[in-house]
$ cat query_23.cif   # mmCIF, C-alpha atoms and all ligand atoms
data_my_file
loop_
_atom_site.label_atom_id
_atom_site.label_comp_id
_atom_site.auth_asym_id
_atom_site.auth_seq_id
_atom_site.Cartn_x
_atom_site.Cartn_y
_atom_site.Cartn_z
CA MET E 1 104.92 118.33 59.95
CA VAL E 2 104.83 119.62 63.47
CA ALA E 3 103.30 117.42 66.11
CA VAL E 4 100.68 119.17 68.16
CA LYS E 5 101.59 118.96 71.82
CA ARG E 6 99.11 119.50 74.56
CA THR E 7 100.53 122.44 76.49
CA LEU E 8 101.64 121.50 79.92
CA PRO E 9 100.32 123.50 82.86
CA ALA E 10 102.99 125.29 84.86
CA PRO E 11 104.75 123.05 87.40
CA PRO E 12 103.13 124.71 90.47
CA GLU E 13 99.70 124.10 88.98
CA LEU E 14 100.48 120.43 88.31
CA GLN E 15 101.75 120.04 91.84
CA GLY E 16 98.58 121.67 93.22
CA ARG E 17 96.40 119.29 91.21
CA TRP E 18 98.33 116.32 92.54
CA ALA E 19 98.07 117.65 96.10
CA SER E 20 94.28 117.82 95.96
CA LEU E 21 94.13 114.44 94.21
CA LEU E 22 96.25 112.73 96.88
CA GLU E 23 94.07 114.27 99.61
CA GLU E 24 90.81 113.43 97.83
CA ALA E 25 91.85 109.83 97.23
CA GLY E 26 92.70 109.50 100.92
CA LEU E 27 96.37 108.73 100.25
CA ARG E 28 97.84 111.05 102.88
CA PRO E 29 98.00 108.33 105.61
CA GLU E 30 99.84 106.02 103.18
CA ILE E 31 102.39 108.73 102.44
CA LEU E 32 102.94 109.34 106.15
CA ALA E 33 103.33 105.60 106.71
CA LEU E 34 105.91 105.44 103.92
CA ALA E 35 107.99 108.14 105.57
CA ASP E 36 107.98 106.04 108.76
CA ARG E 37 109.14 102.90 107.00
CA PHE E 38 111.81 104.66 104.97
CA PRO E 39 114.24 103.61 103.52
CA GLU E 40 112.91 100.05 103.09
CA HIS E 41 109.75 101.50 101.62
CA ARG E 42 109.73 104.69 99.68
CA SER E 43 107.28 104.24 96.81
CA LEU E 44 103.61 105.02 96.66
CA GLU E 45 101.79 103.00 94.02
CA VAL E 46 98.74 104.84 92.74
CA PRO E 47 96.32 103.04 90.40
CA PHE E 48 95.71 104.94 87.18
CA SER E 49 91.95 104.57 87.75
CA VAL E 50 92.26 106.61 90.95
CA ILE E 51 94.05 109.40 89.11
CA ASP E 52 91.58 109.27 86.23
CA ALA E 53 88.56 109.38 88.56
CA ALA E 54 89.85 112.44 90.41
CA ASP E 55 91.36 114.44 87.53
CA THR E 56 90.94 113.13 83.98
CA GLY E 57 93.06 115.90 82.53
CA LEU E 58 95.94 115.03 84.81
CA ALA E 59 95.58 111.35 83.91
CA ASP E 60 95.85 112.21 80.19
CA LEU E 61 98.89 114.39 80.80
CA LEU E 62 100.48 111.61 82.82
CA LEU E 63 100.42 109.36 79.74
CA GLU E 64 101.77 112.06 77.43
CA ARG E 65 104.31 113.84 79.61
CA PRO E 66 105.06 111.32 82.36
CA GLU E 67 108.34 112.72 83.56
CA GLU E 68 107.13 116.21 84.40
CA VAL E 69 103.80 114.99 85.75
CA ILE E 70 105.31 112.31 88.00
CA ASP E 71 107.90 114.78 89.21
CA ALA E 72 105.14 117.22 90.18
CA GLY E 73 103.36 114.38 92.02
CA ARG E 74 106.52 113.62 93.91
CA ARG E 75 106.80 117.22 95.03
CA ALA E 76 103.16 117.16 96.12
CA MET E 77 103.87 114.05 98.22
CA ARG E 78 106.79 115.80 99.84
CA GLU E 79 104.59 118.77 100.74
CA LEU E 80 102.20 116.47 102.59
CA LEU E 81 104.89 115.41 105.05
CA PRO E 82 104.73 117.33 108.31
CA VAL E 83 108.51 117.65 108.52
CA ALA E 84 110.77 117.14 105.55
CA GLY E 85 113.37 114.65 106.74
CA PRO E 86 116.07 113.05 104.60
CA GLU E 87 113.42 110.74 103.14
CA ALA E 88 111.45 113.60 101.59
CA ASP E 89 113.53 113.71 98.42
CA SER E 90 113.58 109.95 98.04
CA LEU E 91 109.84 109.32 98.05
CA ARG E 92 108.64 108.00 94.72
CA LEU E 93 105.29 108.07 93.02
CA ARG E 94 104.66 104.99 90.93
CA PRO E 95 101.44 104.88 88.92
CA VAL E 96 100.23 101.33 88.17
CA GLY E 97 97.37 99.74 86.24
CA LEU E 98 97.63 101.78 83.04
CA PRO E 99 94.56 101.76 80.77
CA PRO E 100 94.36 99.42 77.75
CA THR E 101 95.13 102.34 75.41
CA ALA E 102 98.59 102.62 76.98
CA HIS E 103 99.41 98.90 76.60
CA ARG E 104 101.85 97.97 73.86
CA THR E 105 103.43 94.77 72.73
CA VAL E 106 107.17 95.06 72.29
CA ARG E 107 106.94 94.94 68.51
CA ALA E 108 104.23 97.62 68.40
CA ILE E 109 106.31 100.36 70.06
CA ARG E 110 106.75 103.22 67.60
CA GLU E 111 108.36 106.60 67.35
CA ALA E 112 105.04 108.15 68.47
CA ASP E 113 105.47 106.42 71.84
CA LEU E 114 108.77 108.16 72.58
CA ASN E 115 108.74 109.87 75.95
CA HIS E 116 105.21 108.61 76.59
CA PHE E 117 104.09 106.42 79.47
CA ILE E 118 103.28 102.89 78.32
CA ALA E 119 102.70 99.45 79.76
CA VAL E 120 104.41 96.41 78.27
CA ASP E 121 103.48 92.82 79.13
CA GLY E 122 106.22 90.31 78.92
CA ILE E 123 108.50 87.71 80.38
CA VAL E 124 111.74 88.75 81.99
CA ARG E 125 114.47 87.14 79.94
CA ARG E 126 117.69 88.57 81.31
CA VAL E 127 118.65 90.60 84.33
CA THR E 128 121.95 92.21 85.17
CA GLU E 129 123.28 92.56 88.66
CA VAL E 130 122.22 95.63 90.58
CA ARG E 131 125.02 98.15 90.32
CA PRO E 132 125.46 101.72 91.42
CA GLN E 133 124.97 104.10 88.54
CA ILE E 134 126.24 107.66 88.72
CA ARG E 135 123.40 110.16 88.69
CA ASP E 136 125.05 113.40 89.76
CA ALA E 137 128.71 113.62 88.84
CA VAL E 138 130.84 116.16 90.68
CA PHE E 139 133.86 117.53 88.81
CA GLN E 140 136.63 119.87 89.80
CA CYS E 141 138.15 122.39 87.40
CA LEU E 142 141.93 122.01 87.49
CA VAL E 143 142.47 125.73 86.76
CA CYS E 144 140.15 127.48 89.26
CA HIS E 145 139.56 124.45 91.53
CA VAL E 146 135.83 125.08 91.72
CA GLU E 147 133.73 121.93 92.19
CA PHE E 148 130.54 121.66 90.18
CA HIS E 149 127.73 119.23 89.37
CA GLU E 150 127.14 117.58 86.02
CA PRO E 151 123.83 115.68 86.22
CA GLN E 152 123.72 112.43 84.25
CA ASP E 153 120.93 110.98 82.19
CA ASP E 154 119.82 107.59 83.56
CA ALA E 155 118.69 106.26 80.22
CA SER E 156 121.76 107.14 78.23
CA MET E 157 124.61 104.68 78.21
CA VAL E 158 127.11 107.48 77.83
CA PHE E 159 128.85 109.31 80.65
CA ARG E 160 128.30 113.02 80.24
CA GLU E 161 131.47 115.09 80.71
CA PRO E 162 131.44 118.85 81.22
CA LEU E 163 131.96 121.09 78.18
CA GLU E 164 133.04 124.05 80.27
CA CYS E 165 133.68 125.13 83.82
CA PRO E 166 130.21 126.61 84.47
CA ASP E 167 130.15 130.19 85.75
CA SER E 168 126.56 129.51 86.85
CA GLN E 169 128.12 127.29 89.53
CA GLY E 170 130.89 129.73 90.47
CA GLY E 171 133.42 128.44 87.94
CA CYS E 172 135.81 130.32 85.66
CA GLY E 173 133.86 129.68 82.47
CA ARG E 174 136.82 128.15 80.60
CA PRO E 175 135.81 125.67 77.90
CA ALA E 176 136.99 122.07 78.14
CA GLY E 177 139.88 122.83 75.73
CA ARG E 178 141.43 125.43 78.05
CA THR E 179 141.19 123.55 81.32
CA ARG E 180 140.80 120.03 82.48
CA PHE E 181 138.28 118.43 84.81
CA ARG E 182 138.72 115.79 87.44
CA LEU E 183 135.83 113.56 88.49
CA LEU E 184 135.36 113.38 92.26
CA PRO E 185 133.78 109.95 92.75
CA GLU E 186 133.36 110.33 96.51
CA LYS E 187 131.37 113.56 96.08
CA SER E 188 129.21 112.24 93.26
CA SER E 189 125.91 110.54 93.99
CA TYR E 190 124.72 107.20 92.73
CA VAL E 191 121.56 105.13 92.47
CA ASP E 192 121.01 101.39 92.35
CA ALA E 193 120.38 100.42 88.77
CA GLN E 194 119.66 97.22 86.90
CA ARG E 195 119.09 96.53 83.26
CA ILE E 196 116.66 93.83 82.34
CA GLU E 197 115.34 92.52 79.08
CA ILE E 198 111.74 91.57 78.66
CA GLN E 199 110.40 89.45 75.89
CA GLU E 200 106.95 89.21 74.39
CA ASN E 201 104.65 86.62 75.89
CA PRO E 202 104.76 83.50 73.72
CA GLU E 203 100.97 83.27 73.50
CA SER E 204 100.74 86.73 71.94
CA LEU E 205 102.98 85.68 69.05
CA ARG E 206 101.87 84.59 65.64
CA ARG E 207 102.97 81.09 64.88
CA GLY E 208 106.62 80.93 63.97
CA ALA E 209 107.35 84.54 64.91
CA HIS E 210 110.45 85.12 66.93
CA PRO E 211 109.77 86.98 70.17
CA GLN E 212 111.24 90.47 70.37
CA GLY E 213 112.96 91.88 73.40
CA LEU E 214 113.03 95.30 74.99
CA ALA E 215 115.74 96.66 77.24
CA THR E 216 114.47 98.19 80.44
CA LEU E 217 116.19 100.18 83.12
CA LEU E 218 115.08 99.74 86.70
CA THR E 219 116.51 102.09 89.29
CA GLU E 220 116.30 102.70 93.02
CA ASP E 221 113.83 100.41 94.82
CA LEU E 222 112.67 98.82 91.55
CA ALA E 223 116.09 97.25 91.02
CA GLY E 224 116.72 93.70 92.16
CA HIS E 225 113.17 92.37 92.42
CA VAL E 226 112.49 90.55 89.19
CA LEU E 227 113.94 87.25 88.06
CA PRO E 228 114.27 85.67 84.64
CA GLY E 229 111.03 83.87 83.84
CA ASN E 230 108.81 86.27 85.81
CA ARG E 231 105.77 87.50 83.99
CA VAL E 232 105.44 91.19 84.51
CA ILE E 233 103.76 94.33 83.31
CA LEU E 234 106.41 96.98 83.05
CA ASN E 235 105.16 100.53 83.14
CA GLY E 236 107.68 103.03 81.93
CA VAL E 237 108.73 105.87 79.70
CA VAL E 238 109.97 105.03 76.22
CA LYS E 239 113.40 106.51 75.61
CA SER E 240 115.67 106.29 72.66
CA TYR E 241 119.35 106.55 73.01
CA GLN E 242 121.99 106.86 70.42
CA ARG E 243 124.47 104.07 70.42
CA GLY E 244 127.83 105.59 71.16
CA THR E 245 131.38 104.33 71.20
CA ALA E 246 133.81 106.01 73.53
CA SER E 247 136.96 107.26 71.84
CA ARG E 248 139.70 109.77 72.48
CA GLY E 249 138.29 113.25 72.55
CA GLY E 250 134.70 112.26 73.07
CA VAL E 251 132.08 109.87 71.90
CA VAL E 252 131.47 108.70 68.37
CA ARG E 253 127.75 108.49 67.85
CA ASN E 254 126.04 106.15 65.46
CA THR E 255 123.02 107.09 63.40
CA THR E 256 120.84 104.31 64.76
CA PHE E 257 118.89 104.61 67.95
CA ASP E 258 117.98 101.95 70.42
CA LEU E 259 114.88 101.88 72.55
CA LEU E 260 114.97 101.69 76.29
CA LEU E 261 112.05 101.58 78.63
CA GLN E 262 112.77 103.59 81.72
CA GLY E 263 110.88 101.71 84.40
CA VAL E 264 108.38 103.62 86.53
CA SER E 265 106.60 100.68 88.13
CA VAL E 266 106.53 96.90 87.86
CA GLU E 267 103.45 94.74 88.32
CA SER E 268 103.84 91.04 88.85
CA GLN E 269 101.48 88.94 86.79
CA GLN E 270 101.92 85.75 88.66
CA VAL E 271 100.58 84.47 91.91
CA GLU E 272 103.44 84.16 94.35
CA TYR E 273 103.67 80.88 96.21
CA GLU E 274 103.16 82.65 99.52
CA ASP E 275 99.95 84.21 98.18
CA ILE E 276 98.36 80.84 97.46
CA GLU E 277 95.94 80.00 100.22
CA ILE E 278 95.72 76.34 101.10
CA THR E 279 92.47 75.51 102.87
CA PRO E 280 92.21 72.52 105.24
CA ALA E 281 90.19 70.75 102.52
CA ASP E 282 93.02 71.31 100.01
CA GLU E 283 95.46 69.98 102.54
CA GLN E 284 93.44 66.78 103.00
CA LEU E 285 93.30 66.34 99.24
CA ILE E 286 97.07 66.83 98.87
CA LEU E 287 97.82 64.44 101.73
CA GLY E 288 95.49 61.93 100.06
CA PHE E 289 97.89 61.75 97.11
CA ARG E 290 100.69 60.68 99.41
CA GLY E 291 101.62 57.12 98.66
CA ASP E 292 99.43 57.02 95.55
CA PRO E 293 101.62 55.12 93.03
CA THR E 294 99.86 56.83 90.11
CA VAL E 295 100.48 60.36 91.40
CA ILE E 296 103.02 61.16 88.67
CA ASP E 297 100.54 60.12 85.97
CA LYS E 298 97.87 62.28 87.55
CA ILE E 299 100.15 65.31 87.59
CA VAL E 300 101.28 64.66 84.02
CA LEU E 301 97.66 64.36 82.81
CA SER E 302 96.72 67.59 84.55
CA LEU E 303 99.42 69.56 82.75
CA ALA E 304 98.02 71.36 79.71
CA PRO E 305 95.16 68.86 79.30
CA THR E 306 94.11 70.47 76.02
CA ILE E 307 97.35 69.24 74.43
CA ARG E 308 97.03 65.55 73.76
CA GLY E 309 99.85 63.10 74.10
CA MET E 310 103.39 64.32 74.77
CA GLU E 311 103.39 62.53 78.13
CA GLN E 312 107.17 62.28 78.22
CA GLU E 313 107.60 65.98 77.60
CA LYS E 314 104.95 66.76 80.20
CA GLU E 315 106.64 64.52 82.72
CA ALA E 316 109.95 66.27 82.13
CA ILE E 317 108.28 69.64 82.65
CA ALA E 318 106.51 68.40 85.79
CA LEU E 319 109.78 67.17 87.26
CA GLN E 320 111.40 70.47 86.41
CA LEU E 321 108.54 72.37 88.09
CA PHE E 322 108.97 70.44 91.31
CA GLY E 323 112.75 70.56 91.21
CA GLY E 324 115.21 68.19 92.76
CA ILE E 325 117.10 68.07 96.02
CA GLU E 326 120.60 69.42 96.41
CA LYS E 327 122.99 66.61 97.36
CA ARG E 328 126.32 66.79 99.08
CA HIS E 329 128.57 63.77 98.76
CA SER E 330 131.10 62.72 101.38
CA ASP E 331 133.96 63.95 99.18
CA GLY E 332 132.48 67.45 99.29
CA ILE E 333 131.10 67.43 95.77
CA ARG E 334 127.83 69.24 95.54
CA VAL E 335 125.15 68.23 93.06
CA ARG E 336 122.69 70.98 92.28
CA GLY E 337 119.01 70.35 92.81
CA ASP E 338 117.82 72.47 89.91
CA ILE E 339 116.53 70.65 86.88
CA HIS E 340 116.83 72.22 83.44
CA ALA E 341 114.78 71.11 80.50
CA LEU E 342 115.55 71.64 76.84
CA ILE E 343 112.65 71.14 74.52
CA VAL E 344 113.43 70.80 70.83
CA GLY E 345 110.90 70.23 68.10
CA ASP E 346 109.43 71.27 64.80
CA PRO E 347 107.55 74.57 64.63
CA GLY E 348 103.93 74.40 65.67
CA THR E 349 104.23 71.35 67.89
CA ALA E 350 102.93 73.11 71.01
CA LYS E 351 106.33 73.67 72.66
CA SER E 352 105.48 77.24 73.63
CA GLN E 353 102.01 76.32 74.83
CA LEU E 354 103.46 73.62 77.07
CA LEU E 355 105.96 76.05 78.53
ZN ZN E 401 137.33 126.67 86.28
#
$ encode --input "query_23.cif" --output "structure tokens"
Amino acid sequence: MVAVKRTLPAPPELQGRWASLLEEAGLRPEILALADRFPEHRSLEVPFSVIDAADTGLADLLLERPEEVIDAGRRAMRELLPVAGPEADSLRLRPVGLPPTAHRTVRAIREADLNHFIAVDGIVRRVTEVRPQIRDAVFQCLVCHVEFHEPQDDASMVFREPLECPDSQGGCGRPAGRTRFRLLPEKSSYVDAQRIEIQENPESLRRGAHPQGLATLLTEDLAGHVLPGNRVILNGVVKSYQRGTASRGGVVRNTTFDLLLQGVSVESQQVEYEDIEITPADEQLILGFRGDPTVIDKIVLSLAPTIRGMEQEKEAIALQLFGGIEKRHSDGIRVRGDIHALIVGDPGTAKSQLL
């Protein structure tokens, strides 16, 4: 069976549609402001509703063919700049607020979602350090000494080596067997990259089900901003990659594929502490608790009031939420202020709800 694909308009047409959309939605000033604040800021977040309101067809294509459509939008942004400085190529278009039809739980992602633009709600479980990842590898042919580019695929875990010395880039055309190639790390280009794993929200799970995780790749300015425990909506393109094992003479590929979400934008689902507004009335109320000997009981009772009992567990969680104070003893020993809590219990005893 052959899947019916909506034909994609030619790239110039897509770019033209984006250009009028960005103008119509009044986003030109934001793009100009981005260029001024580069490189700290380089991404324009555009709500899906704005795209949908201006050009429904483009919005549909964005969900089905995100890579080409976002790339065209990026080129349209670049055209809106009065002078193309070094920042022009680094501006990013990051659609946010995908419609409910594009939301998936981790366990509901299917083959039909491959290469589509989806939104996944979850909790960040693991993050790796932000590391440079090679995006454009430059090699030199050891026979003709021509240097050429071998672009890399962000989502794949495997380093792509040249198969021949490409005559399209001025090389001698010899296949890999008749010459050798040397990687030139200082001429190659890199991006910041971070792998994170998100896990399904506990409240969306059926009782007793084990939460599933999804690996996600965050690059450029998306890398380094989420922490384990953050609740996020990750918008990205579903990729599959073949697990490979490096060996002499190439890569041995397995027959199973893993899924990877290539991050396009990240939306935080939690209120940041600095976003909480404390009114003078709140402040009076908080100060009123000072010196109240029953304040711990009040806090414990206000935690998950629909779950009865479990005061000890609630107290432990409350203490963990507030955290401790780092202590330094006179002998130089440091005692960390973080409190960790381990909650163990039978299934269905409200552990997840409490957390
Ligand atoms: Zn060559």
$ residues_near_ligand --input "query_23.cif" --ligand "ligand ZN 401 (chain E)" --cutoff "12 Å" --atoms "only C-alpha atoms and all ligand atoms" --output "number ranges by chain"
E: 139-148, 162-182
$ atom_distance --input "query_23.cif" --atom1 "atom CA of E:Ala72" --atom2 "atom CA of E:Leu14"
6.0 Å
$ residues_around --input "query_23.cif" --residues "E:Pro11" --least-positions-apart "3" --cutoff "10 Å" --atoms "all atoms listed in the file" --output "number ranges by chain"
E: 8, 14-17, 68-69, 71-73, 75
$ write_last_selection --input "query_23.cif" --atoms "C-alpha atoms" --output "mmCIF file, in the coordinates of the input"
data_model
loop_
_atom_site.group_PDB
_atom_site.id
_atom_site.type_symbol
_atom_site.label_atom_id
_atom_site.label_comp_id
_atom_site.auth_asym_id
_atom_site.auth_seq_id
_atom_site.Cartn_x
_atom_site.Cartn_y
_atom_site.Cartn_z
ATOM 1 C CA LEU E 8 101.640 121.500 79.920
ATOM 2 C CA LEU E 14 100.480 120.430 88.310
ATOM 3 C CA GLN E 15 101.750 120.040 91.840
ATOM 4 C CA GLY E 16 98.580 121.670 93.220
ATOM 5 C CA ARG E 17 96.400 119.290 91.210
ATOM 6 C CA GLU E 68 107.130 116.210 84.400
ATOM 7 C CA VAL E 69 103.800 114.990 85.750
ATOM 8 C CA ASP E 71 107.900 114.780 89.210
ATOM 9 C CA ALA E 72 105.140 117.220 90.180
ATOM 10 C CA GLY E 73 103.360 114.380 92.020
ATOM 11 C CA ARG E 75 106.800 117.220 95.030
#
$ closest_atom_pairs --input "query_23.cif" --of "stretch 191-303 of chain E" --to "stretch 81-102 of chain E" --cutoff "12 Å" --atoms "all atoms listed in the file" --output "Markdown table"
| residue | atom | partner | partner_atom | distance |
| --- | --- | --- | --- | --- |
| E:Val191 | CA | E:Ser90 | CA | 10.9 |
| E:Thr219 | CA | E:Arg92 | CA | 11.2 |
| E:Glu220 | CA | E:Ser90 | CA | 9.2 |
| E:Asp221 | CA | E:Arg92 | CA | 9.2 |
| E:Leu222 | CA | E:Arg94 | CA | 10.1 |
| E:Val232 | CA | E:Gly97 | CA | 11.9 |
| E:Ile233 | CA | E:Gly97 | CA | 8.9 |
| E:Leu234 | CA | E:Val96 | CA | 9.1 |
| E:Asn235 | CA | E:Val96 | CA | 7.1 |
| E:Gly236 | CA | E:Pro95 | CA | 9.6 |
| E:Val237 | CA | E:Ala102 | CA | 11.0 |
| E:Val238 | CA | E:Ala102 | CA | 11.7 |
| E:Gly263 | CA | E:Arg94 | CA | 9.6 |
| E:Val264 | CA | E:Arg94 | CA | 5.9 |
| E:Ser265 | CA | E:Arg94 | CA | 5.5 |
| E:Val266 | CA | E:Val96 | CA | 7.7 |
| E:Glu267 | CA | E:Val96 | CA | 7.3 |
| E:Ser268 | CA | E:Val96 | CA | 10.9 |
| E:Gln269 | CA | E:Gly97 | CA | 11.6 |
$ residues_around --input "query_23.cif" --residues "E:Phe257" --least-positions-apart "5" --cutoff "6 Å" --atoms "all atoms listed in the file" --output "JSON, numbers by chain"
{"E": [240, 241, 242]}
$ closest_residue --input "query_23.cif" --among "E:Asp136, E:Asp346, E:Glu111, E:Glu315" --to "E:Lys187" --atoms "all atoms listed in the file"
E:Asp136
$ residues_around --input "query_23.cif" --residues "E:Ala350" --least-positions-apart "4" --cutoff "10 Å" --atoms "all atoms listed in the file" --output "CSV table (one decimal) with C-alpha atoms, in the frame of the given file"
chain,number,residue,atom,x,y,z
E,307,ILE,CA,97.4,69.2,74.4
E,308,ARG,CA,97.0,65.6,73.8
E,310,MET,CA,103.4,64.3,74.8
E,345,GLY,CA,110.9,70.2,68.1
E,346,ASP,CA,109.4,71.3,64.8
E,354,LEU,CA,103.5,73.6,77.1
E,355,LEU,CA,106.0,76.0,78.5
$ atom_distance --input "query_23.cif" --atom1 "atom CA of E:Gly213" --atom2 "atom CA of E:Asp113"
16.4 Å
$ atom_distance --input "query_23.cif" --atom1 "atom CA of E:Ala193" --atom2 "atom CA of E:Leu217"
7.0 Å
$ axis_aligned_box --input "query_23.cif" --around "stretch 123-140 of chain E" --padding-each-side "6 Å" --output "AutoDock Vina command-line options"
--center_x 122.6 --center_y 103.5 --center_z 85.7 --size_x 40.1 --size_y 44.7 --size_z 23.5
$ residues_around --input "query_23.cif" --residues "E:Ile198" --least-positions-apart "4" --cutoff "7 Å" --atoms "only C-alpha atoms" --output "PyMOL selection string"
chain E and resi 122-125+213-215
$ closest_residue --input "query_23.cif" --among "E:Gly288, E:Pro211, E:Pro293, E:Gly323" --to "E:Val106" --atoms "all atoms listed in the file"
E:Pro211
